[in-house]
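Have a look at target_32.txt below; it lists compact mmCIF, C-alpha atoms.
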```txt
# COMPACT_ATOMS: atom_id res chain seq x y z
CA MET A 5 -81.54 25.93 64.43
CA ARG A 6 -78.17 24.33 63.73
CA LEU A 7 -76.11 21.57 65.27
CA THR A 8 -73.09 22.64 67.28
CA GLU A 9 -69.66 21.30 66.43
CA ALA A 10 -69.85 18.96 69.42
CA GLU A 11 -73.22 17.69 68.20
CA GLU A 12 -71.85 17.19 64.70
CA ASN A 13 -69.21 14.92 66.22
CA ARG A 14 -71.53 13.16 68.66
CA TYR A 15 -74.17 12.31 66.08
CA ASN A 16 -71.83 11.67 63.14
CA ARG A 17 -73.08 8.12 62.56
CA HIS A 18 -76.62 9.46 62.30
CA LEU A 19 -75.63 12.36 60.10
CA ILE A 20 -74.08 10.11 57.47
CA LEU A 21 -77.26 8.05 57.14
CA ASP A 22 -79.37 9.16 54.18
CA GLN A 23 -82.55 8.58 56.24
CA ILE A 24 -81.42 10.90 59.05
CA GLY A 25 -78.76 13.45 58.12
CA ARG A 26 -78.67 16.93 59.67
CA GLU A 27 -82.32 17.52 58.98
CA GLY A 28 -83.31 14.36 60.84
CA GLN A 29 -80.93 15.06 63.71
CA LEU A 30 -82.49 18.49 64.11
CA LYS A 31 -85.92 16.81 64.24
CA LEU A 32 -84.60 14.66 67.07
CA LYS A 33 -83.17 17.73 68.80
CA ASN A 34 -86.53 19.49 68.62
CA ALA A 35 -88.51 16.45 69.79
CA LYS A 36 -90.02 16.00 73.25
CA ILE A 37 -90.70 12.51 74.55
CA LEU A 38 -92.24 11.58 77.89
CA VAL A 39 -91.22 8.19 79.28
CA VAL A 40 -93.71 6.89 81.84
CA GLY A 41 -91.91 4.52 84.17
CA ALA A 42 -88.11 4.35 84.52
CA GLY A 43 -88.14 0.59 84.94
CA GLY A 44 -87.29 -2.40 82.79
CA LEU A 45 -88.84 -0.91 79.65
CA GLY A 46 -88.21 2.76 80.36
CA CYS A 47 -84.53 2.53 81.28
CA PRO A 48 -83.20 1.03 78.03
CA ALA A 49 -85.50 3.26 76.00
CA LEU A 50 -84.25 6.31 77.88
CA GLN A 51 -80.62 5.37 77.40
CA TYR A 52 -80.93 5.11 73.62
CA LEU A 53 -83.23 8.12 73.24
CA THR A 54 -80.72 10.15 75.25
CA ALA A 55 -77.84 8.91 73.16
CA ALA A 56 -79.80 9.57 69.96
CA GLY A 57 -80.12 13.24 70.87
CA VAL A 58 -83.84 13.57 71.54
CA GLY A 59 -83.84 17.18 72.74
CA THR A 60 -86.22 16.90 75.68
CA LEU A 61 -86.93 13.78 77.72
CA GLY A 62 -89.43 13.73 80.56
CA ILE A 63 -89.20 10.86 83.04
CA VAL A 64 -92.13 9.99 85.30
CA ASP A 65 -91.57 7.59 88.18
CA PHE A 66 -92.46 7.92 91.85
CA ASP A 67 -90.79 4.63 92.77
CA GLU A 68 -87.38 3.95 94.29
CA VAL A 69 -84.63 1.74 92.94
CA ASP A 70 -84.81 -1.72 94.51
CA LEU A 71 -82.08 -4.36 94.50
CA SER A 72 -84.43 -6.70 92.63
CA ASN A 73 -84.62 -4.14 89.77
CA LEU A 74 -80.95 -4.38 88.90
CA HIS A 75 -81.06 -7.62 86.90
CA ARG A 76 -82.85 -5.71 84.11
CA GLN A 77 -82.70 -1.96 84.85
CA ILE A 78 -79.04 -1.57 84.05
CA LEU A 79 -79.10 2.21 84.06
CA PHE A 80 -78.92 1.88 87.86
CA ASN A 81 -76.31 0.30 90.11
CA HIS A 82 -76.31 -1.01 93.66
CA GLN A 83 -75.39 2.40 95.10
CA ASP A 84 -78.67 3.76 93.71
CA VAL A 85 -80.88 1.45 95.77
CA GLY A 86 -83.40 3.59 97.65
CA ARG A 87 -83.10 6.60 95.31
CA ASN A 88 -86.02 7.93 93.30
CA LYS A 89 -85.88 6.40 89.83
CA ALA A 90 -86.83 9.50 87.85
CA SER A 91 -84.26 11.73 89.53
CA CYS A 92 -81.57 9.06 89.50
CA ALA A 93 -82.19 8.25 85.83
CA ALA A 94 -82.01 11.93 84.85
CA GLU A 95 -78.68 12.27 86.67
CA LYS A 96 -77.21 9.21 84.95
CA LEU A 97 -78.53 10.16 81.52
CA HIS A 98 -77.08 13.67 81.83
CA LEU A 99 -73.65 12.07 82.05
CA LEU A 100 -74.38 10.16 78.85
CA ASN A 101 -75.50 13.27 76.95
CA PRO A 102 -75.32 16.73 78.54
CA GLU A 103 -76.60 18.30 75.30
CA ILE A 104 -80.24 17.36 75.97
CA GLU A 105 -82.79 18.48 78.55
CA LEU A 106 -83.87 15.86 81.08
CA ILE A 107 -86.92 16.59 83.21
CA PRO A 108 -87.61 14.20 86.10
CA TYR A 109 -91.12 13.93 87.54
CA PRO A 110 -90.73 12.04 90.85
CA VAL A 111 -94.50 11.72 91.18
CA LYS A 112 -97.16 9.11 90.57
CA LEU A 113 -98.99 9.68 87.29
CA GLU A 114 -102.63 10.13 88.19
CA ALA A 115 -105.78 11.54 86.67
CA SER A 116 -105.09 14.82 88.49
CA ASN A 117 -101.68 15.44 86.86
CA ALA A 118 -101.44 13.23 83.76
CA LYS A 119 -102.87 15.57 81.14
CA GLU A 120 -100.90 18.53 82.42
CA ILE A 121 -97.64 16.59 82.16
CA ILE A 122 -98.36 14.78 78.87
CA ALA A 123 -99.49 18.01 77.15
CA ASN A 124 -95.87 19.22 77.14
CA TYR A 125 -94.64 16.34 74.97
CA ASP A 126 -94.93 15.11 71.36
CA ILE A 127 -94.84 11.37 72.10
CA VAL A 128 -95.42 9.23 75.18
CA LEU A 129 -93.48 6.00 75.68
CA ASP A 130 -95.37 3.73 78.05
CA GLY A 131 -93.08 1.82 80.37
CA SER A 132 -95.60 1.53 83.18
CA ASP A 133 -95.89 -1.59 85.31
CA ASN A 134 -99.62 -1.57 85.98
CA PHE A 135 -102.81 -1.48 83.96
CA ALA A 136 -104.35 1.52 85.71
CA THR A 137 -101.44 3.72 84.58
CA ARG A 138 -101.43 2.22 81.08
CA TYR A 139 -105.13 2.99 80.58
CA LEU A 140 -104.64 6.47 82.04
CA VAL A 141 -101.77 7.14 79.62
CA ASN A 142 -103.81 5.74 76.72
CA ASP A 143 -106.86 7.84 77.52
CA CYS A 144 -104.83 11.03 78.01
CA CYS A 145 -102.92 10.43 74.76
CA THR A 146 -106.23 9.90 72.97
CA ALA A 147 -107.69 13.09 74.44
CA LEU A 148 -104.57 15.12 73.64
CA ASN A 149 -103.92 13.47 70.26
CA LYS A 150 -100.45 12.18 71.15
CA PRO A 151 -98.97 8.88 69.92
CA MET A 152 -98.36 6.30 72.64
CA VAL A 153 -95.51 3.86 72.08
CA TYR A 154 -96.53 0.69 73.87
CA GLY A 155 -94.45 -2.18 75.23
CA ALA A 156 -95.43 -5.03 77.52
CA ILE A 157 -93.80 -8.20 78.78
CA TYR A 158 -94.58 -11.65 80.17
CA LYS A 159 -91.75 -13.94 81.28
CA PHE A 160 -90.02 -14.53 77.89
CA GLU A 161 -92.59 -12.87 75.59
CA GLY A 162 -93.15 -9.28 74.60
CA GLN A 163 -95.59 -7.03 72.81
CA VAL A 164 -94.92 -3.78 70.97
CA SER A 165 -97.27 -1.39 69.20
CA VAL A 166 -97.88 2.29 68.56
CA PHE A 167 -101.31 3.54 69.54
CA ASN A 168 -103.17 6.72 68.62
CA TYR A 169 -100.73 7.51 65.82
CA ASN A 170 -102.32 9.66 63.11
CA ASN A 171 -105.75 8.88 64.52
CA GLY A 172 -105.01 5.14 64.45
CA PRO A 173 -106.25 2.49 66.91
CA THR A 174 -105.73 3.03 70.62
CA TYR A 175 -104.93 0.51 73.36
CA ARG A 176 -108.65 0.33 74.07
CA CYS A 177 -109.22 -0.83 70.48
CA LEU A 178 -107.15 -3.88 71.43
CA PHE A 179 -108.19 -4.36 75.05
CA PRO A 180 -111.27 -2.20 75.63
CA GLU A 181 -111.58 -2.50 79.37
CA ASN A 182 -109.17 -2.66 82.27
CA ASP A 183 -110.16 -6.13 83.42
CA ALA A 184 -106.71 -7.55 82.89
CA THR A 185 -105.76 -10.58 84.92
CA ALA A 186 -102.16 -10.57 83.75
CA PRO A 187 -99.67 -10.27 86.59
CA ASN A 188 -96.57 -8.08 86.36
CA CYS A 189 -92.99 -9.31 86.47
CA SER A 190 -92.70 -8.92 90.25
CA GLU A 191 -95.32 -11.66 90.55
CA VAL A 192 -94.29 -14.15 87.85
CA GLY A 193 -90.68 -13.28 87.03
CA VAL A 194 -89.09 -12.09 83.80
CA LEU A 195 -85.95 -12.81 81.82
CA GLY A 196 -83.79 -9.76 82.52
CA VAL A 197 -82.98 -9.02 78.88
CA LEU A 198 -86.63 -9.16 77.74
CA PRO A 199 -87.62 -5.61 78.79
CA GLY A 200 -84.33 -4.46 77.26
CA VAL A 201 -85.34 -5.90 73.89
CA ILE A 202 -88.88 -4.56 74.09
CA GLY A 203 -87.82 -1.17 75.45
CA LEU A 204 -85.44 -0.75 72.52
CA TYR A 205 -88.22 -1.62 70.08
CA GLN A 206 -90.19 1.19 71.73
CA ALA A 207 -87.27 3.60 71.41
CA THR A 208 -86.94 2.61 67.75
CA GLU A 209 -90.62 3.31 67.05
CA ALA A 210 -90.40 6.68 68.81
CA ILE A 211 -87.38 7.66 66.70
CA LYS A 212 -89.14 6.51 63.51
CA ILE A 213 -92.14 8.68 64.38
CA ILE A 214 -89.93 11.72 64.93
CA LEU A 215 -87.98 11.15 61.72
CA ASP A 216 -90.99 10.02 59.70
CA ILE A 217 -89.09 7.04 58.32
CA GLY A 218 -89.95 3.37 57.85
CA GLN A 219 -93.25 1.77 58.81
CA VAL A 220 -94.53 2.69 62.23
CA LEU A 221 -96.20 -0.17 64.14
CA SER A 222 -99.57 1.57 64.13
CA GLY A 223 -102.61 -0.68 63.75
CA ARG A 224 -100.40 -3.70 64.32
CA LEU A 225 -99.22 -5.50 67.40
CA LEU A 226 -95.85 -7.21 67.28
CA GLN A 227 -95.74 -10.25 69.54
CA MET A 228 -92.46 -12.06 70.09
CA ASN A 229 -91.13 -14.99 72.07
CA LEU A 230 -87.42 -14.84 72.91
CA LEU A 231 -87.26 -18.57 73.66
CA THR A 232 -88.43 -19.64 70.21
CA HIS A 233 -87.74 -16.47 68.17
CA GLU A 234 -91.27 -16.75 66.90
CA THR A 235 -92.74 -13.37 66.01
CA THR A 236 -96.32 -12.64 65.04
CA GLN A 237 -97.95 -9.45 63.83
CA LEU A 238 -101.66 -9.00 64.47
CA SER A 239 -103.62 -6.18 62.88
CA ILE A 240 -105.87 -4.04 65.07
CA GLN A 241 -108.88 -2.21 63.73
CA LYS A 242 -109.98 1.11 65.13
CA ARG A 243 -113.18 0.70 67.12
CA LYS A 244 -115.77 3.45 66.91
CA GLN A 245 -117.31 2.48 70.24
CA GLN A 246 -114.42 1.49 72.47
CA THR A 247 -116.64 -0.31 74.91
CA GLN A 248 -116.53 -3.89 73.65
CA THR A 249 -115.47 -6.17 76.44
CA ALA A 250 -112.65 -8.62 76.14
CA HIS A 251 -113.40 -12.34 76.07
CA LYS A 252 -113.61 -13.44 79.65
CA MET B 46 -113.87 -27.77 60.24
CA ASN B 47 -110.22 -27.53 61.28
CA VAL B 48 -108.52 -24.38 62.51
CA GLU B 49 -104.96 -23.75 63.68
CA CYS B 50 -104.75 -22.15 67.13
CA LYS B 51 -101.84 -20.21 68.58
CA TYR B 52 -101.62 -19.33 72.26
CA PHE B 53 -99.53 -16.59 73.85
CA GLY B 54 -98.36 -15.79 77.37
CA MET B 55 -100.44 -17.23 80.18
CA ILE B 56 -102.93 -18.65 77.64
CA ALA B 57 -100.22 -21.08 76.46
CA GLU B 58 -99.64 -22.06 80.09
CA ILE B 59 -103.34 -22.86 80.49
CA THR B 60 -103.54 -24.88 77.25
CA GLY B 61 -100.15 -26.52 77.84
CA THR B 62 -99.09 -25.83 74.27
CA ALA B 63 -98.19 -22.86 72.10
CA SER B 64 -100.19 -24.15 69.14
CA GLU B 65 -102.54 -26.91 68.11
CA SER B 66 -104.95 -27.95 65.38
CA LEU B 67 -108.52 -27.84 66.59
CA ILE B 68 -111.46 -29.69 65.11
CA LEU B 69 -114.52 -27.53 65.59
CA ASN B 70 -117.67 -29.28 66.69
CA ASP B 71 -120.54 -26.98 65.85
CA ALA B 72 -118.64 -23.72 66.03
CA SER B 73 -119.00 -21.49 63.00
CA ASN B 74 -117.99 -18.12 64.40
CA ILE B 75 -115.50 -16.62 66.85
CA ALA B 76 -117.92 -16.61 69.81
CA GLN B 77 -118.71 -20.30 69.34
CA LEU B 78 -115.04 -21.14 68.97
CA ASP B 79 -114.42 -19.29 72.23
CA GLU B 80 -117.08 -21.38 73.96
CA GLN B 81 -115.50 -24.60 72.68
CA LEU B 82 -112.08 -23.48 73.89
CA LYS B 83 -113.46 -22.57 77.32
CA SER B 84 -115.11 -25.98 77.51
CA LYS B 85 -111.82 -27.68 76.67
CA TYR B 86 -109.78 -25.38 78.93
CA PRO B 87 -112.05 -24.20 81.78
CA LYS B 88 -109.33 -21.94 83.23
CA LEU B 89 -109.85 -19.66 80.22
CA HIS B 90 -112.95 -18.44 82.05
CA PHE B 91 -110.69 -16.66 84.51
CA VAL B 92 -108.36 -14.78 82.16
CA SER B 93 -108.81 -11.95 79.70
CA TYR B 94 -107.82 -12.21 76.03
CA GLN B 95 -108.65 -11.18 72.50
CA ILE B 96 -109.04 -13.55 69.57
CA ALA B 97 -107.41 -12.95 66.20
CA GLN B 98 -108.47 -14.63 62.96
CA ASN B 99 -105.83 -14.79 60.25
CA GLN B 100 -103.64 -12.22 62.03
CA GLN B 101 -106.48 -9.77 62.61
CA ILE B 102 -108.17 -9.07 65.94
CA ALA B 103 -111.71 -10.29 65.31
CA ASP B 104 -115.18 -9.49 66.66
CA THR B 105 -117.24 -12.32 68.09
CA HIS B 106 -119.71 -12.54 65.19
CA ILE B 107 -117.04 -13.12 62.51
CA GLU B 108 -117.53 -16.39 60.62
CA LEU B 109 -114.80 -19.03 60.65
CA ASN B 110 -113.36 -20.78 57.62
CA GLU B 111 -111.46 -24.02 57.11
CA LYS B 112 -107.75 -23.70 58.02
CA ASP B 113 -108.22 -20.30 59.65
CA GLU B 114 -105.30 -19.24 61.84
CA ILE B 115 -106.63 -18.36 65.26
CA ALA B 116 -104.60 -16.63 67.98
CA LEU B 117 -105.52 -16.02 71.61
CA LEU B 118 -103.81 -12.88 72.81
CA PRO B 119 -103.80 -11.89 76.49
CA PRO B 120 -102.77 -8.44 77.73
CA PHE B 121 -99.25 -8.42 79.10
CA GLY B 122 -98.12 -6.45 82.11
CA GLY B 123 -95.29 -3.96 82.13
CA GLY B 124 -92.06 -3.50 83.89
```
Could you render the structure as structure tokens?
Amino acid sequence: MRLTEAEENRYNRHLILDQIGREGQLKLKNAKILVVGAGGLGCPALQYLTAAGVGTLGIVDFDEVDLSNLHRQILFNHQDVGRNKASCAAEKLHLLNPEIELIPYPVKLEASNAKEIIANYDIVLDGSDNFATRYLVNDCCTALNKPMVYGAIYKFEGQVSVFNYNNGPTYRCLFPENDATAPNCSEVGVLGVLPGVIGLYQATEAIKIILDIGQVLSGRLLQMNLLTHETTQLSIQKRKQQTQTAHK
Amino acid sequence: MNVECKYFGMIAEITGTASESLILNDASNIAQLDEQLKSKYPKLHFVSYQIAQNQQIADTHIELNEKDEIALLPPFGGG
């Protein structure tokens, strides 16, 4: 496979990087990433993955664009309110880069369809807004041996990690059971730029995995606070029995 | 024994601070530290979190040492 002349122009600033070049750009072109949730995390990740030339992007979201989404989901505009997020995102992203394939799934990810959808992709980027979906994505990625690029947010703080990468720790190695009491941003609020920052960290990790460059955040959780700029990295060990309960 | 504690997300809202030095009474492992923290901050009984010792997520039986860096990490939601 080769890059077309238009692709050579479009991706020029990648091509002249020693760590990417044509070989790396072709890896991106051949890659398939599924983004679960076209919300605060998923939208910015999708925009940069599209621009970067990831060849196939799946977008799962059953929800509709709401006016209260627009302070952070800047892929959408006020005319999109009421439209399905997956379909709307695919339409917008096609305008950004018509060279790639965008596959919207305007459905709710559930146990009955998750494995079938995820099986078609190399990497899953978790931008879900609820713990049931996050655990479902984690468990399917574990079963199918797919890396899961994780991002999560709370008001002004964010978390990023890569789970199930090269048989590394999974989300259940960090939080074994779905007994989370943490509310989502619709309940406690969120600084609009926070999911943008975290979503772009997720996009960065996904690109690093595809290109096999740098140090992937596997076995480590990056925690950051945008108010103080304090960042912390915590190491996560793989658990053999992923049944230990969280402190509660 | 003294340890340095860091709190994230809603844990910091419960403790009212992002970090503090804690003098341990009789606590010598992670589980006992957790009990002391829950005694000091009863609302911790109602939230979920993991405890890290010196930047590593730790099991409850792990022994504590002077000047250990402890972190209480809650799960965050999405968006």
Listing only residues of region 102-170 of chain A within 12 Å of region 54-73 of chain B, what is the closest atom pair and its distance in Å (to one decimal) for each, using only C-alpha atoms, sorted by chain and residue number ascending, as CSV?
```
residue,atom,partner,partner_atom,distance
A:Ala156,CA,B:Gly54,CA,11.2
A:Ile157,CA,B:Gly54,CA,9.0
A:Tyr158,CA,B:Gly54,CA,6.3
A:Lys159,CA,B:Gly54,CA,7.9
A:Phe160,CA,B:Gly54,CA,8.5
A:Glu161,CA,B:Gly54,CA,6.7
A:Gly162,CA,B:Gly54,CA,8.8
A:Gln163,CA,B:Gly54,CA,10.3
```
Specify as a PDB file with C-alpha atoms, keeping the file's coordinate frame all residues of chain B found within 9 Å of chain A, counting all atoms listed in the file.
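Generated file (iface13.pdb):
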```pdb
ATOM      1  CA  PHE B  53     -99.530 -16.590  73.850  1.00  0.00           C
ATOM      2  CA  GLY B  54     -98.360 -15.790  77.370  1.00  0.00           C
ATOM      3  CA  MET B  55    -100.440 -17.230  80.180  1.00  0.00           C
ATOM      4  CA  ALA B  76    -117.920 -16.610  69.810  1.00  0.00           C
ATOM      5  CA  ASP B  79    -114.420 -19.290  72.230  1.00  0.00           C
ATOM      6  CA  LEU B  89    -109.850 -19.660  80.220  1.00  0.00           C
ATOM      7  CA  HIS B  90    -112.950 -18.440  82.050  1.00  0.00           C
ATOM      8  CA  PHE B  91    -110.690 -16.660  84.510  1.00  0.00           C
ATOM      9  CA  VAL B  92    -108.360 -14.780  82.160  1.00  0.00           C
ATOM     10  CA  SER B  93    -108.810 -11.950  79.700  1.00  0.00           C
ATOM     11  CA  TYR B  94    -107.820 -12.210  76.030  1.00  0.00           C
ATOM     12  CA  GLN B  95    -108.650 -11.180  72.500  1.00  0.00           C
ATOM     13  CA  ILE B  96    -109.040 -13.550  69.570  1.00  0.00           C
ATOM     14  CA  ALA B  97    -107.410 -12.950  66.200  1.00  0.00           C
ATOM     15  CA  GLN B  98    -108.470 -14.630  62.960  1.00  0.00           C
ATOM     16  CA  ASN B  99    -105.830 -14.790  60.250  1.00  0.00           C
ATOM     17  CA  GLN B 100    -103.640 -12.220  62.030  1.00  0.00           C
ATOM     18  CA  GLN B 101    -106.480  -9.770  62.610  1.00  0.00           C
ATOM     19  CA  ILE B 102    -108.170  -9.070  65.940  1.00  0.00           C
ATOM     20  CA  ALA B 103    -111.710 -10.290  65.310  1.00  0.00           C
ATOM     21  CA  THR B 105    -117.240 -12.320  68.090  1.00  0.00           C
ATOM     22  CA  ALA B 116    -104.600 -16.630  67.980  1.00  0.00           C
ATOM     23  CA  PRO B 119    -103.800 -11.890  76.490  1.00  0.00           C
ATOM     24  CA  PRO B 120    -102.770  -8.440  77.730  1.00  0.00           C
ATOM     25  CA  PHE B 121     -99.250  -8.420  79.100  1.00  0.00           C
ATOM     26  CA  GLY B 122     -98.120  -6.450  82.110  1.00  0.00           C
ATOM     27  CA  GLY B 123     -95.290  -3.960  82.130  1.00  0.00           C
ATOM     28  CA  GLY B 124     -92.060  -3.500  83.890  1.00  0.00           C
TER      29      GLY B 124
END
```
### Task
Can you work out the spacing between CA of Asn170 (chain A) and CA of Asp216 (chain A) in Å, to one decimal?
11.8 Å
### Query
Near Ala93 (chain A), within 12 Å and counting only C-alpha atoms, which residues show up once chain neighbours fewer than 3 positions away are dropped, as an NGL selection string?
:A and (39 or 41-43 or 46-51 or 54 or 61-69 or 77-81 or 84 or 87-90 or 96-100 or 106-110)
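Take CA of Lys31 (chain A) and CA of Leu140 (chain A): the distance between them is 27.8 Å.
Across the model, the gap from CA of Val141 (chain A) to CA of Gln29 (chain A) is 27.4 Å.
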